[in-house]
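Coordinates as given in model37.cif (mmCIF, C-alpha atoms):
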```cif
data_work
#
loop_
_atom_site.label_atom_id
_atom_site.label_comp_id
_atom_site.auth_asym_id
_atom_site.auth_seq_id
_atom_site.Cartn_x
_atom_site.Cartn_y
_atom_site.Cartn_z
CA MET D 1 -86.18 -5.67 161.20
CA ALA D 2 -87.05 -3.37 158.37
CA THR D 3 -84.62 -3.30 155.49
CA MET D 4 -83.91 -1.09 152.51
CA GLN D 5 -82.41 -1.52 149.09
CA VAL D 6 -78.81 -0.33 149.03
CA GLN D 7 -76.41 0.08 146.12
CA LEU D 8 -72.71 0.84 146.40
CA VAL D 9 -71.58 1.93 142.96
CA ALA D 10 -68.22 2.80 141.41
CA PRO D 11 -67.92 4.25 137.89
CA ASP D 12 -66.81 0.98 136.33
CA ARG D 13 -68.69 -1.55 138.41
CA MET D 14 -71.50 -2.20 140.83
CA VAL D 15 -69.61 -2.98 144.01
CA TRP D 16 -72.54 -4.29 146.00
CA ALA D 17 -76.32 -4.19 145.86
CA GLY D 18 -78.83 -5.75 148.16
CA GLU D 19 -80.89 -5.49 151.32
CA ALA D 20 -79.43 -3.71 154.31
CA GLU D 21 -80.57 -2.55 157.73
CA PHE D 22 -78.30 0.42 158.25
CA VAL D 23 -75.89 2.58 156.30
CA GLN D 24 -73.30 4.86 157.80
CA ALA D 25 -71.30 7.37 155.78
CA ARG D 26 -69.41 10.56 156.23
CA THR D 27 -70.64 13.71 154.52
CA VAL D 28 -69.09 17.14 154.48
CA ASP D 29 -71.30 18.03 157.44
CA GLY D 30 -70.29 15.01 159.47
CA GLU D 31 -71.07 11.40 160.13
CA LEU D 32 -74.50 10.29 158.96
CA GLY D 33 -76.52 7.16 159.70
CA ILE D 34 -79.40 6.04 157.52
CA LEU D 35 -82.10 3.65 158.69
CA PRO D 36 -84.93 2.33 156.52
CA ARG D 37 -87.63 4.90 155.68
CA HIS D 38 -85.25 7.80 156.07
CA ALA D 39 -86.43 11.08 154.53
CA PRO D 40 -85.11 11.74 151.00
CA LEU D 41 -81.62 13.14 151.17
CA LEU D 42 -78.73 14.01 148.95
CA GLY D 43 -75.36 14.29 150.60
CA VAL D 44 -71.84 14.95 149.40
CA LEU D 45 -69.42 12.40 150.82
CA VAL D 46 -65.84 13.05 151.86
CA GLU D 47 -63.03 10.50 152.09
CA GLY D 48 -64.02 8.02 154.72
CA PRO D 49 -65.39 4.59 155.45
CA VAL D 50 -68.92 3.62 154.50
CA ARG D 51 -70.49 0.91 156.62
CA ILE D 52 -73.40 -1.12 155.35
CA ARG D 53 -75.07 -3.49 157.78
CA ARG D 54 -76.32 -6.16 155.38
CA SER D 55 -79.27 -8.32 156.24
CA GLY D 56 -78.18 -11.88 156.71
CA ALA D 57 -74.49 -11.20 156.08
CA ASP D 58 -71.46 -9.51 157.58
CA GLU D 59 -71.16 -5.80 157.71
CA LEU D 60 -69.65 -4.39 154.53
CA VAL D 61 -67.05 -1.73 155.07
CA ALA D 62 -65.52 0.17 152.19
CA ALA D 63 -63.32 3.21 151.85
CA VAL D 64 -64.83 5.76 149.48
CA HIS D 65 -62.97 8.78 148.19
CA GLY D 66 -65.55 11.45 147.62
CA GLY D 67 -68.94 10.88 146.10
CA PHE D 68 -72.63 11.10 146.80
CA LEU D 69 -75.18 9.56 149.09
CA SER D 70 -78.66 9.59 147.66
CA VAL D 71 -81.60 8.48 149.77
CA SER D 72 -84.96 8.15 148.08
CA ALA D 73 -88.14 6.17 148.54
CA GLU D 74 -86.62 3.30 146.55
CA GLY D 75 -83.51 2.97 148.65
CA VAL D 76 -80.03 4.26 149.21
CA ASP D 77 -77.41 4.79 146.52
CA VAL D 78 -73.81 5.40 147.46
CA LEU D 79 -71.86 6.71 144.46
CA ALA D 80 -68.14 7.14 144.65
CA GLU D 81 -65.36 7.60 142.13
CA ILE D 82 -63.15 5.19 144.04
CA VAL D 83 -64.49 2.40 146.22
CA GLU D 84 -62.24 -0.01 148.07
CA ILE D 85 -63.73 -2.82 150.08
CA SER D 86 -62.03 -3.27 153.45
CA GLU D 87 -60.63 -6.70 152.56
CA GLU D 88 -58.97 -5.27 149.44
CA ILE D 89 -57.10 -2.55 151.27
CA ASP D 90 -53.35 -2.79 151.50
CA VAL D 91 -52.83 -1.72 155.12
CA PRO D 92 -49.02 -1.36 155.20
CA ARG D 93 -49.13 0.71 152.04
CA ALA D 94 -51.82 3.00 153.39
CA ARG D 95 -49.86 3.37 156.62
CA ASN D 96 -46.70 4.28 154.70
CA ALA D 97 -48.60 6.78 152.63
CA LEU D 98 -50.01 8.33 155.75
CA GLU D 99 -46.60 8.58 157.42
CA ARG D 100 -45.19 10.22 154.34
CA THR D 101 -47.92 12.75 153.78
CA ARG D 102 -49.24 13.43 157.28
CA ASP D 103 -47.50 16.74 157.89
CA SER D 104 -47.39 18.01 154.34
CA GLU D 105 -48.50 21.48 153.30
CA ASP D 106 -49.09 20.52 149.70
CA PRO D 107 -52.85 20.18 148.93
CA ALA D 108 -52.30 17.10 146.77
CA GLU D 109 -50.38 15.40 149.56
CA GLN D 110 -53.00 16.41 152.09
CA ALA D 111 -55.63 14.73 149.92
CA ALA D 112 -53.44 11.64 149.80
CA ALA D 113 -53.21 11.70 153.59
CA ARG D 114 -57.01 11.89 153.85
CA ARG D 115 -57.36 8.95 151.49
CA ALA D 116 -54.85 6.92 153.47
CA THR D 117 -56.73 7.73 156.68
CA ALA D 118 -60.00 6.65 155.08
CA ARG D 119 -58.41 3.37 153.98
CA LEU D 120 -57.00 2.61 157.41
CA ARG D 121 -60.28 3.38 159.11
CA ALA D 122 -62.21 1.22 156.67
CA ALA D 123 -59.74 -1.61 157.26
CA GLY D 124 -60.45 -1.31 160.97
CA GLU D 125 -56.94 -0.18 161.88
CA SER D 126 -56.21 2.25 164.65
CA LEU D 127 -54.56 5.49 163.64
CA MET E 1 -44.36 -22.55 83.78
CA GLY E 2 -45.01 -19.37 81.87
CA ALA E 3 -44.15 -15.98 83.30
CA GLN E 4 -47.77 -14.87 83.33
CA LEU E 5 -48.98 -17.91 85.21
CA ARG E 6 -46.20 -17.56 87.75
CA GLU E 7 -47.17 -13.94 88.31
CA PHE E 8 -50.82 -14.88 88.98
CA ARG E 9 -49.82 -17.63 91.37
CA ARG E 10 -47.62 -15.23 93.27
CA ARG E 11 -50.38 -12.68 93.60
CA ILE E 12 -52.85 -15.30 94.81
CA LYS E 13 -50.37 -16.23 97.53
CA THR E 14 -49.97 -12.62 98.66
CA VAL E 15 -53.68 -11.95 98.74
CA ASN E 16 -54.17 -15.15 100.68
CA SER E 17 -51.73 -14.17 103.39
CA THR E 18 -53.24 -10.68 103.62
CA LYS E 19 -56.61 -12.32 103.96
CA LYS E 20 -55.38 -14.39 106.87
CA ILE E 21 -54.30 -11.21 108.64
CA THR E 22 -57.54 -9.35 108.04
CA ARG E 23 -59.55 -12.40 109.10
CA ALA E 24 -57.57 -12.60 112.35
CA MET E 25 -58.10 -8.88 112.98
CA GLU E 26 -61.80 -9.30 112.32
CA LEU E 27 -62.06 -12.07 114.89
CA ILE E 28 -60.01 -10.15 117.45
CA ALA E 29 -62.20 -7.08 117.01
CA ALA E 30 -65.33 -9.20 117.33
CA SER E 31 -64.19 -10.62 120.64
CA ARG E 32 -63.19 -7.18 121.88
CA ILE E 33 -66.63 -5.77 121.10
CA VAL E 34 -68.08 -8.22 123.59
CA LYS E 35 -65.62 -7.11 126.26
CA ALA E 36 -66.27 -3.46 125.50
CA GLN E 37 -69.99 -4.07 125.77
CA GLN E 38 -69.52 -5.68 129.15
CA ARG E 39 -67.66 -2.61 130.32
CA ILE E 40 -70.49 -0.38 129.11
CA ASN E 41 -72.96 -2.49 131.05
CA ALA E 42 -70.79 -2.46 134.16
CA SER E 43 -70.60 1.32 134.08
CA ARG E 44 -74.31 1.81 133.62
CA PRO E 45 -75.44 1.77 137.29
CA TYR E 46 -73.11 4.63 138.16
CA ALA E 47 -73.99 6.67 135.08
CA GLU E 48 -77.68 6.23 135.75
CA ALA E 49 -77.36 7.02 139.43
CA ILE E 50 -75.39 10.20 138.81
CA THR E 51 -77.82 11.31 136.12
CA GLY E 52 -80.58 10.63 138.63
CA VAL E 53 -78.83 12.89 141.13
CA VAL E 54 -78.49 15.64 138.52
CA ARG E 55 -82.16 15.25 137.67
CA THR E 56 -83.12 15.50 141.33
CA VAL E 57 -81.01 18.56 141.89
CA THR E 58 -82.25 20.40 138.84
CA ALA E 59 -85.87 19.43 139.53
CA GLU E 60 -85.72 20.50 143.15
CA GLY E 61 -84.79 24.00 142.21
CA VAL E 62 -81.51 23.92 144.08
CA VAL E 63 -79.98 25.32 140.97
CA ASN E 64 -80.90 28.83 141.74
CA GLU E 65 -80.48 31.75 139.39
CA ASP E 66 -77.04 31.40 137.96
CA HIS E 67 -75.22 28.22 138.69
CA PRO E 68 -72.90 27.60 135.73
CA LEU E 69 -74.12 24.03 135.42
CA THR E 70 -77.42 25.02 133.85
CA THR E 71 -77.12 28.69 132.97
CA PRO E 72 -75.79 29.61 129.54
CA ARG E 73 -73.18 32.35 129.83
CA GLU E 74 -73.99 35.73 128.42
CA ASN E 75 -71.98 36.53 125.31
CA PRO E 76 -70.07 33.29 125.05
CA THR E 77 -66.89 33.68 123.02
CA ARG E 78 -65.21 30.29 123.06
CA ALA E 79 -66.53 26.75 123.04
CA GLY E 80 -64.70 23.57 123.96
CA LEU E 81 -64.98 20.66 121.60
CA VAL E 82 -64.18 17.21 122.93
CA LEU E 83 -63.54 14.75 120.08
CA ILE E 84 -63.19 11.05 120.76
CA THR E 85 -61.35 9.17 118.03
CA SER E 86 -59.19 6.06 117.91
CA ASP E 87 -55.45 5.59 118.34
CA ARG E 88 -55.12 3.04 115.58
CA GLY E 89 -56.43 2.99 112.05
CA LEU E 90 -57.83 0.08 110.09
CA ALA E 91 -61.28 0.87 111.36
CA GLY E 92 -62.91 2.15 108.20
CA GLY E 93 -64.42 5.60 108.52
CA TYR E 94 -64.57 5.51 112.30
CA SER E 95 -62.23 8.40 113.09
CA ALA E 96 -62.93 10.23 109.84
CA ASN E 97 -66.64 10.43 110.70
CA ILE E 98 -65.88 11.98 114.06
CA LEU E 99 -63.50 14.48 112.52
CA ARG E 100 -66.08 15.39 109.87
CA ALA E 101 -68.70 15.97 112.57
CA GLY E 102 -66.10 18.03 114.39
CA GLU E 103 -65.51 20.20 111.34
CA GLN E 104 -69.23 20.70 110.91
CA THR E 105 -69.74 21.63 114.56
CA THR E 106 -66.80 24.02 114.38
CA ALA E 107 -68.43 25.72 111.39
CA GLU E 108 -71.77 25.96 113.19
CA LEU E 109 -70.16 27.45 116.27
CA ARG E 110 -68.27 29.91 114.12
CA GLU E 111 -71.56 31.06 112.64
CA ARG E 112 -72.71 31.82 116.15
CA GLY E 113 -69.53 33.84 116.54
CA LEU E 114 -67.74 31.36 118.77
CA GLU E 115 -64.15 30.30 118.59
CA THR E 116 -63.45 26.66 119.28
CA ALA E 117 -60.96 25.05 121.60
CA PRO E 118 -60.35 21.42 120.65
CA PHE E 119 -59.78 18.75 123.29
CA LEU E 120 -58.61 15.72 121.35
CA ILE E 121 -58.73 12.11 122.40
CA GLY E 122 -56.99 9.53 120.22
CA ARG E 123 -53.96 9.77 117.96
CA LYS E 124 -56.08 10.11 114.81
CA ALA E 125 -57.60 13.41 115.94
CA LEU E 126 -54.22 14.67 117.05
CA ALA E 127 -52.68 13.84 113.67
CA PHE E 128 -55.55 15.52 111.84
CA TYR E 129 -55.21 18.77 113.80
CA ARG E 130 -51.47 18.78 113.83
CA PHE E 131 -51.25 18.27 110.07
CA ARG E 132 -53.40 21.36 109.61
CA ASN E 133 -51.35 23.36 112.10
CA ARG E 134 -54.32 24.20 114.24
CA ASP E 135 -54.31 25.20 117.88
CA ILE E 136 -54.98 22.35 120.23
CA SER E 137 -56.14 22.99 123.78
CA ASN E 138 -55.25 19.59 125.02
CA ALA E 139 -54.78 16.09 123.68
CA TRP E 140 -54.70 12.60 125.12
CA SER E 141 -53.97 9.29 123.48
CA GLY E 142 -53.06 5.71 124.17
CA PHE E 143 -56.25 4.50 125.79
CA SER E 144 -58.88 4.64 123.07
CA GLU E 145 -59.48 0.88 123.17
CA GLN E 146 -59.55 0.54 126.92
CA PRO E 147 -60.39 3.81 128.60
CA SER E 148 -60.28 3.88 132.39
CA TYR E 149 -62.12 6.20 134.70
CA ASP E 150 -58.84 7.94 135.50
CA ASP E 151 -58.43 8.80 131.81
CA ALA E 152 -61.91 10.29 131.80
CA ARG E 153 -61.08 12.24 134.92
CA ALA E 154 -57.96 13.71 133.33
CA VAL E 155 -60.06 14.93 130.40
CA GLY E 156 -62.89 16.10 132.66
CA ASN E 157 -60.57 18.11 134.89
CA ALA E 158 -58.84 19.80 131.96
CA VAL E 159 -62.15 20.73 130.35
CA LEU E 160 -63.60 21.96 133.60
CA GLU E 161 -60.57 24.06 134.39
CA GLN E 162 -60.97 25.88 131.07
CA PHE E 163 -64.70 26.22 131.65
CA ILE E 164 -64.26 27.81 135.07
CA LYS E 165 -61.73 30.22 133.58
CA GLY E 166 -64.34 31.39 131.09
CA GLY E 167 -64.08 32.46 127.46
CA ALA E 168 -63.09 36.02 128.24
CA GLU E 169 -59.96 34.79 130.01
CA GLY E 170 -58.98 32.43 127.22
CA GLY E 171 -60.94 29.51 128.63
CA ILE E 172 -64.27 28.25 127.32
CA ASP E 173 -67.96 28.97 127.89
CA GLU E 174 -69.55 25.84 126.52
CA ILE E 175 -68.56 22.20 126.27
CA HIS E 176 -69.56 20.05 123.32
CA LEU E 177 -68.84 16.37 123.13
CA ILE E 178 -68.55 14.41 119.89
CA TYR E 179 -68.29 10.63 120.04
CA THR E 180 -69.64 7.49 118.45
CA ARG E 181 -72.58 6.02 120.27
CA PHE E 182 -72.77 2.25 120.36
CA ASP E 183 -76.37 1.27 119.67
CA SER E 184 -75.79 -2.33 118.74
CA MET E 185 -73.27 -4.60 117.01
CA ALA E 186 -74.67 -3.44 113.69
CA SER E 187 -75.33 0.22 114.36
CA GLN E 188 -73.14 3.00 115.74
CA LYS E 189 -73.84 6.65 115.35
CA VAL E 190 -71.81 9.81 115.61
CA VAL E 191 -73.48 12.09 118.15
CA VAL E 192 -72.83 15.69 119.04
CA THR E 193 -74.05 16.68 122.50
CA LYS E 194 -73.75 19.79 124.54
CA LEU E 195 -72.43 18.86 127.98
CA ILE E 196 -72.52 22.29 129.51
CA PRO E 197 -74.59 24.36 129.98
CA LEU E 198 -76.79 21.49 130.88
CA ASP E 199 -80.31 21.38 129.56
CA PRO E 200 -82.37 19.24 131.96
CA GLU E 201 -84.57 18.23 129.04
CA GLU E 202 -81.57 16.69 127.35
CA LEU E 203 -80.51 14.37 130.14
CA PRO E 204 -80.14 10.78 129.01
CA ALA E 205 -83.48 9.06 129.38
CA GLU E 206 -84.13 6.89 132.38
CA THR E 207 -84.05 3.28 131.30
CA GLU E 208 -86.49 1.94 133.82
CA SER E 209 -89.55 4.07 134.38
CA ASP E 210 -89.88 4.61 138.09
CA ASP E 211 -92.07 7.66 137.91
CA ALA E 212 -93.16 7.22 141.49
CA GLY E 213 -89.73 8.20 142.77
CA SER E 214 -88.95 11.06 140.44
CA GLY E 215 -92.17 12.94 141.21
CA SER E 216 -90.32 15.60 143.11
CA THR E 217 -91.85 16.55 146.40
CA GLY E 218 -89.56 19.39 147.28
CA LEU E 219 -88.82 17.64 150.54
CA ILE E 220 -85.31 16.51 149.85
CA GLU E 221 -82.67 17.38 152.38
CA PHE E 222 -79.31 18.48 151.08
CA GLU E 223 -76.06 18.10 152.82
CA PRO E 224 -74.45 20.59 152.45
CA GLU E 225 -77.24 23.01 151.66
CA GLY E 226 -77.85 24.34 148.17
CA ALA E 227 -75.04 25.12 145.84
CA GLY E 228 -72.45 23.00 147.67
CA VAL E 229 -74.07 19.89 146.28
CA LEU E 230 -73.87 21.26 142.77
CA ASP E 231 -70.25 22.26 143.08
CA ALA E 232 -69.42 18.69 144.01
CA LEU E 233 -71.70 17.31 141.35
CA LEU E 234 -70.50 19.31 138.36
CA PRO E 235 -67.05 17.75 137.89
CA ARG E 236 -68.30 14.25 138.59
CA TYR E 237 -71.18 14.60 136.20
CA ILE E 238 -68.90 15.81 133.41
CA THR E 239 -66.41 13.04 134.09
CA ALA E 240 -69.16 10.43 134.18
CA ARG E 241 -70.53 11.63 130.83
CA ILE E 242 -67.06 11.65 129.26
CA PHE E 243 -66.33 8.20 130.67
CA ALA E 244 -69.60 6.83 129.28
CA ALA E 245 -68.81 8.40 125.90
CA MET E 246 -65.31 6.88 125.92
CA LEU E 247 -66.67 3.43 126.64
CA ASP E 248 -69.24 3.74 123.88
CA ALA E 249 -66.54 4.99 121.54
CA ALA E 250 -64.27 2.06 122.42
CA ALA E 251 -67.00 -0.44 121.60
CA SER E 252 -67.86 1.44 118.41
CA GLU E 253 -64.20 1.48 117.39
CA GLN E 254 -64.03 -2.29 117.63
CA ALA E 255 -67.29 -2.65 115.76
CA ALA E 256 -66.03 -0.36 113.00
CA ARG E 257 -62.75 -2.27 112.85
CA ARG E 258 -64.56 -5.58 112.66
CA ARG E 259 -66.69 -4.31 109.81
CA ALA E 260 -63.72 -2.87 107.93
CA MET E 261 -61.74 -6.08 108.34
CA LYS E 262 -64.71 -8.19 107.31
CA SER E 263 -65.08 -6.28 104.07
CA ALA E 264 -61.33 -6.52 103.51
CA THR E 265 -61.55 -10.28 103.97
CA ASP E 266 -64.54 -10.51 101.64
CA ASN E 267 -62.69 -8.42 99.11
CA ALA E 268 -59.66 -10.70 99.35
CA ASP E 269 -61.94 -13.68 98.65
CA GLU E 270 -63.26 -11.90 95.61
CA LEU E 271 -59.76 -11.09 94.39
CA ILE E 272 -58.57 -14.64 94.87
CA LYS E 273 -61.54 -15.92 92.88
CA GLN E 274 -60.75 -13.57 90.02
CA LEU E 275 -57.04 -14.29 90.10
CA THR E 276 -57.62 -18.03 90.14
CA ARG E 277 -59.73 -17.70 87.01
CA ASP E 278 -57.08 -15.59 85.34
CA ALA E 279 -54.41 -18.08 86.36
CA ASN E 280 -56.45 -20.95 84.97
CA SER E 281 -57.01 -19.27 81.66
CA ALA E 282 -53.31 -18.38 81.50
CA ARG E 283 -52.49 -22.03 82.17
CA GLN E 284 -54.92 -23.15 79.46
CA ALA E 285 -53.55 -20.63 77.01
CA GLU E 286 -50.08 -21.93 77.77
CA ILE E 287 -51.15 -25.54 77.17
CA THR E 288 -52.96 -24.59 73.98
CA GLN E 289 -49.91 -22.77 72.84
CA GLU E 290 -47.69 -25.75 73.57
CA ILE E 291 -50.04 -28.13 71.75
CA MET E 292 -50.10 -25.82 68.80
CA GLU E 293 -46.32 -25.66 68.79
CA ILE E 294 -46.09 -29.45 68.91
CA VAL E 295 -48.72 -29.89 66.20
CA GLY E 296 -47.08 -27.22 64.08
CA GLY E 297 -43.68 -28.83 64.57
CA ALA E 298 -45.02 -32.30 63.72
CA GLU E 299 -46.73 -31.02 60.62
CA ALA E 300 -43.61 -29.24 59.50
CA LEU E 301 -41.61 -32.43 60.06
CA ALA E 302 -44.28 -34.49 58.22
CA GLY E 303 -44.20 -31.99 55.33
CA THR E 304 -40.46 -32.21 54.96
CA GLY E 305 -40.57 -36.04 55.35
CA SER E 306 -43.07 -36.53 52.50
CA SER E 307 -41.21 -34.29 50.12
CA MET E 308 -38.05 -36.28 50.57
#
```

As a first step, turn the structure in this file into structure tokens.
Amino acid sequence: MATMQVQLVAPDRMVWAGEAEFVQARTVDGELGILPRHAPLLGVLVEGPVRIRRSGADELVAAVHGGFLSVSAEGVDVLAEIVEISEEIDVPRARNALERTRDSEDPAEQAAARRATARLRAAGESL
Amino acid sequence: MGAQLREFRRRIKTVNSTKKITRAMELIAASRIVKAQQRINASRPYAEAITGVVRTVTAEGVVNEDHPLTTPRENPTRAGLVLITSDRGLAGGYSANILRAGEQTTAELRERGLETAPFLIGRKALAFYRFRNRDISNAWSGFSEQPSYDDARAVGNAVLEQFIKGGAEGGIDEIHLIYTRFDSMASQKVVVTKLIPLDPEELPAETESDDAGSGSTGLIEFEPEGAGVLDALLPRYITARIFAAMLDAAASEQAARRRAMKSATDNADELIKQLTRDANSARQAEITQEIMEIVGGAEALAGTGSSM
């Protein structure tokens, strides 16, 4: 199967880089799937899980909190200010945060609720 | 032991213990430079990728007519000045150089008829401005040696908030950034850059030349369309630039501290050498004096003996 070069980058580290077959992310316009040889694209990501189907390895799932998806001839770059790999996510904490902020009116708390949702989804938990 | 000799010995001891401290600080700074350099390298992929995105967006002509990212405001009245200095001293002219560049930039902006709004990072800048009773827009300190992305975001948000407000409303119309660029262990340079409005020509150069990709085809899809991408990009780009500057500054601070401590250690060596010489000659003078006293005494005794 065709592959593409994918980078998942946070401001202070390269989280993962390598060959992948498929990338799924969530932009402001909705869920988006990228296969190799996709047309060039620049998307703004919202809080949500990013799935990278790596060639010859497990699928990599990470929660990203806002960022960009850049598709070019060279490959796919996922840039996010905060990247949390699914294994690193503290599920009980995210669940608590979600319970606490779910019905809030405060914009800051609503953002926290969205982040908690993204974490839980990336960790493969049901909501 | 004579008083003079004792005094020299005491001073040699003091200088020696000071030297031990400066030597230790030199070594600590040297090891921290390496860590700071690693952090710069780790942050590079993101900085390059986001600059690439900005380049794409500006090249594709998404930035139509008057997006604030690239369009200078008409009749700007106030400019923001972000100064990155250190929290601690003992780093030679590190903070002083930044503050001097800041003064110069302030004067240049004033000539253009702009007021300045200082955003200060590091206790040294804060102390400098506070001592002169100047207005400070905002100040942060406590992280100059180990800045995190969250610190950069705090600065970025504050600067951006003022920028969106605009000079007429008491905000700012331009953002200038002054920091110390880390070129190598031996060379760091104070740089003054204009963050906003952004001049596409002034984007940091691409390190690897992949001209094939950057030849814009005008076929890029944007999600969302047009300006939405830019609105999301603007704060992140500013934060990324500030973060990169902070990391460079942190490495430069350690390099400056290492250099300052090395020259202090060298100077202590020099002092000890001189003091040891002085002590030796004092000791010799003392011995000579004692011999002369003994000889004089013996002669006097001999003189009295013979006359008797």

Could you tell me which residues the PyMOL selection byres ((chain D) within 10 of (chain E)) returns for this structure, as a PDB file with C-alpha atoms, keeping the file's coordinate frame?
```
ATOM      1  CA  GLN D   7     -76.410   0.080 146.120  1.00  0.00           C
ATOM      2  CA  LEU D   8     -72.710   0.840 146.400  1.00  0.00           C
ATOM      3  CA  VAL D   9     -71.580   1.930 142.960  1.00  0.00           C
ATOM      4  CA  ALA D  10     -68.220   2.800 141.410  1.00  0.00           C
ATOM      5  CA  PRO D  11     -67.920   4.250 137.890  1.00  0.00           C
ATOM      6  CA  ASP D  12     -66.810   0.980 136.330  1.00  0.00           C
ATOM      7  CA  ARG D  13     -68.690  -1.550 138.410  1.00  0.00           C
ATOM      8  CA  MET D  14     -71.500  -2.200 140.830  1.00  0.00           C
ATOM      9  CA  VAL D  15     -69.610  -2.980 144.010  1.00  0.00           C
ATOM     10  CA  THR D  27     -70.640  13.710 154.520  1.00  0.00           C
ATOM     11  CA  VAL D  28     -69.090  17.140 154.480  1.00  0.00           C
ATOM     12  CA  ASP D  29     -71.300  18.030 157.440  1.00  0.00           C
ATOM     13  CA  GLY D  30     -70.290  15.010 159.470  1.00  0.00           C
ATOM     14  CA  ALA D  39     -86.430  11.080 154.530  1.00  0.00           C
ATOM     15  CA  PRO D  40     -85.110  11.740 151.000  1.00  0.00           C
ATOM     16  CA  LEU D  41     -81.620  13.140 151.170  1.00  0.00           C
ATOM     17  CA  LEU D  42     -78.730  14.010 148.950  1.00  0.00           C
ATOM     18  CA  GLY D  43     -75.360  14.290 150.600  1.00  0.00           C
ATOM     19  CA  VAL D  44     -71.840  14.950 149.400  1.00  0.00           C
ATOM     20  CA  LEU D  45     -69.420  12.400 150.820  1.00  0.00           C
ATOM     21  CA  GLY D  66     -65.550  11.450 147.620  1.00  0.00           C
ATOM     22  CA  GLY D  67     -68.940  10.880 146.100  1.00  0.00           C
ATOM     23  CA  PHE D  68     -72.630  11.100 146.800  1.00  0.00           C
ATOM     24  CA  LEU D  69     -75.180   9.560 149.090  1.00  0.00           C
ATOM     25  CA  SER D  70     -78.660   9.590 147.660  1.00  0.00           C
ATOM     26  CA  VAL D  71     -81.600   8.480 149.770  1.00  0.00           C
ATOM     27  CA  SER D  72     -84.960   8.150 148.080  1.00  0.00           C
ATOM     28  CA  ALA D  73     -88.140   6.170 148.540  1.00  0.00           C
ATOM     29  CA  GLU D  74     -86.620   3.300 146.550  1.00  0.00           C
ATOM     30  CA  ASP D  77     -77.410   4.790 146.520  1.00  0.00           C
ATOM     31  CA  VAL D  78     -73.810   5.400 147.460  1.00  0.00           C
ATOM     32  CA  LEU D  79     -71.860   6.710 144.460  1.00  0.00           C
ATOM     33  CA  ALA D  80     -68.140   7.140 144.650  1.00  0.00           C
ATOM     34  CA  GLU D  81     -65.360   7.600 142.130  1.00  0.00           C
ATOM     35  CA  ILE D  82     -63.150   5.190 144.040  1.00  0.00           C
TER      36      ILE D  82
END
```

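Between atom CA of Pro147 of chain E and atom CA of Val82 of chain E lies a distance of 15.0 Å.
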
Neighbours of segment 269-281 of chain E within 12 Å (only C-alpha atoms; same-chain residues fewer than 2 positions away dropped), as a VMD selection string?
chain E and resid 1 to 20 22 to 23 262 to 267 283 to 289

Report as lines of an AutoDock Vina configuration file the centre and the edge lengths, in Å to one decimal, of the axis-aligned box holding every listed atom of segment 97-103 of chain D, padded by 3 Å on each side.
```
center_x = -47.6
center_y = 11.8
center_z = 155.3
size_x = 10.8
size_y = 16.0
size_z = 11.3
```

So what does the PyMOL selection byres ((chain D and resi 53-60) around 8) actually pick up in this one, as an mmCIF file with C-alpha atoms, in the frame of the given file?
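So out-v9.cif came out as:
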```cif
data_model
loop_
_atom_site.group_PDB
_atom_site.id
_atom_site.type_symbol
_atom_site.label_atom_id
_atom_site.label_comp_id
_atom_site.auth_asym_id
_atom_site.auth_seq_id
_atom_site.Cartn_x
_atom_site.Cartn_y
_atom_site.Cartn_z
ATOM 1 C CA THR D 3 -84.620 -3.300 155.490
ATOM 2 C CA GLY D 18 -78.830 -5.750 148.160
ATOM 3 C CA GLU D 19 -80.890 -5.490 151.320
ATOM 4 C CA ALA D 20 -79.430 -3.710 154.310
ATOM 5 C CA GLU D 21 -80.570 -2.550 157.730
ATOM 6 C CA PHE D 22 -78.300 0.420 158.250
ATOM 7 C CA VAL D 23 -75.890 2.580 156.300
ATOM 8 C CA ARG D 51 -70.490 0.910 156.620
ATOM 9 C CA ILE D 52 -73.400 -1.120 155.350
ATOM 10 C CA VAL D 61 -67.050 -1.730 155.070
ATOM 11 C CA ALA D 62 -65.520 0.170 152.190
ATOM 12 C CA ILE D 85 -63.730 -2.820 150.080
ATOM 13 C CA SER D 86 -62.030 -3.270 153.450
#
```

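Each of D:Pro107, D:Gly75, D:Gly124, D:Gly48 was checked against Ile34 of chain D using only C-alpha atoms; the smallest atom-to-atom distance is that of D:Gly75.
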
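Taking atom CA of Thr105 of chain E and atom CA of Ser184 of chain E as the two end points, the separation is 25.1 Å.
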
Output the residue selection produced by the PyMOL selection byres ((chain E and resi 137) around 10) on the file above, formatted as a CSV table (one decimal) with C-alpha atoms, in the frame of the given file.
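Resulting contents of result-v3.csv:
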```csv
chain,number,residue,atom,x,y,z
E,80,GLY,CA,-64.7,23.6,124.0
E,81,LEU,CA,-65.0,20.7,121.6
E,82,VAL,CA,-64.2,17.2,122.9
E,116,THR,CA,-63.4,26.7,119.3
E,117,ALA,CA,-61.0,25.0,121.6
E,118,PRO,CA,-60.4,21.4,120.6
E,119,PHE,CA,-59.8,18.8,123.3
E,120,LEU,CA,-58.6,15.7,121.4
E,134,ARG,CA,-54.3,24.2,114.2
E,135,ASP,CA,-54.3,25.2,117.9
E,136,ILE,CA,-55.0,22.4,120.2
E,138,ASN,CA,-55.2,19.6,125.0
E,139,ALA,CA,-54.8,16.1,123.7
E,158,ALA,CA,-58.8,19.8,132.0
E,159,VAL,CA,-62.2,20.7,130.4
E,162,GLN,CA,-61.0,25.9,131.1
E,171,GLY,CA,-60.9,29.5,128.6
```

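Here atom CA of Ala152 of chain E stands at a distance of 5.9 Å from atom CA of Ile242 of chain E.
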
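Remark: for Glu109 of chain D, the closest of the candidate residues D:Val76, D:Val64, D:Ala97, D:Ala2 is D:Ala97 (distances computed over all atoms listed in the file).
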